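This report refers to the structure that appears directly beneath it.
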Amino acid sequence: MLRKRWMSMLLLLVMLIPASWTQAAGPLTALTAIPAKQQGDAVLIQGTTNLQHVILQVFRPNGTMLMMDQLTKDVLLS
């Protein structure tokens with residue numbers, strides 16, 4: 001009986017532990033907002049990430065993809 005109670009309490013404790021305590025932090029990427037641009041204006045993309053590689057996708061106003069590139073941390077830091 002006492003063993004069953006201890007097992008129940010242990011199971012309850014395990015279920016109540018937040019996932020953030022048991023898992024490593026996932027990838028974090030935050031981009032700075034880009035203000036409205038006119039055709040021909042330059043665009044500067046800034047942000048932070050803890051990833052080694054980032055895929056950059058640029059879309060036209062109609063939703064079609066203009067370009068896509070994979071950047072490494074070395075390129076991102078320069």
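Convention: chains lettered A, B, ... in structure tokens order; per-chain residue numbering from 1; ligands numbered from 1 as shown.
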What's around Thr32 in chain A at 12 Å? Count only C-alpha atoms, leave out sequence neighbours fewer than 5 positions away in its own chain, and write the answer as a PyMOL selection string.
chain A and resi 43-49
Show which residues sit within 9 Å of Met67 in chain A, as a list of chain:residue names. Count only C-alpha atoms, and ignore same-chain residues fewer than 3 positions away.
A:Leu56, A:Gln57, A:Val58, A:Phe59
Got a sec: who's within 12 Å of range 60-62 of chain A, counting only C-alpha atoms, leaving out chain neighbours fewer than 6 positions off, as a list in words?
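Here the answer would be Ala36, Lys37, Gln38, Gln39 and Met68 of chain A.
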Written selection (N, CA, C and O atoms) as a PDB file, in the first residue's frame:
ATOM      1  N   ALA A  36       8.166  49.507 -44.813  1.00  0.00           N
ATOM      2  CA  ALA A  36       7.684  49.456 -46.196  1.00  0.00           C
ATOM      3  C   ALA A  36       8.744  50.015 -47.136  1.00  0.00           C
ATOM      4  O   ALA A  36       9.421  50.998 -46.819  1.00  0.00           O
ATOM      5  N   LYS A  37       8.893  49.358 -48.278  1.00  0.00           N
ATOM      6  CA  LYS A  37       9.892  49.753 -49.270  1.00  0.00           C
ATOM      7  C   LYS A  37       9.231  49.999 -50.615  1.00  0.00           C
ATOM      8  O   LYS A  37       8.181  49.438 -50.912  1.00  0.00           O
ATOM      9  N   GLN A  38       9.859  50.835 -51.417  1.00  0.00           N
ATOM     10  CA  GLN A  38       9.435  51.078 -52.792  1.00  0.00           C
ATOM     11  C   GLN A  38      10.331  50.257 -53.721  1.00  0.00           C
ATOM     12  O   GLN A  38      11.442  49.869 -53.350  1.00  0.00           O
ATOM     13  N   GLN A  39       9.878  50.029 -54.939  1.00  0.00           N
ATOM     14  CA  GLN A  39      10.661  49.291 -55.910  1.00  0.00           C
ATOM     15  C   GLN A  39      12.006  49.985 -56.107  1.00  0.00           C
ATOM     16  O   GLN A  39      12.080  51.194 -56.279  1.00  0.00           O
ATOM     17  N   MET A  68      16.114  32.628 -52.829  1.00  0.00           N
ATOM     18  CA  MET A  68      16.296  31.810 -51.637  1.00  0.00           C
ATOM     19  C   MET A  68      17.782  31.496 -51.527  1.00  0.00           C
ATOM     20  O   MET A  68      18.441  31.216 -52.527  1.00  0.00           O
TER      21      MET A  68
END
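Of note, CA of Asp69 in chain A and CA of Ile55 in chain A are spaced 5.7 Å apart.
CA of Leu71 in chain A sits 13.0 Å away from CA of Asn50 in chain A.
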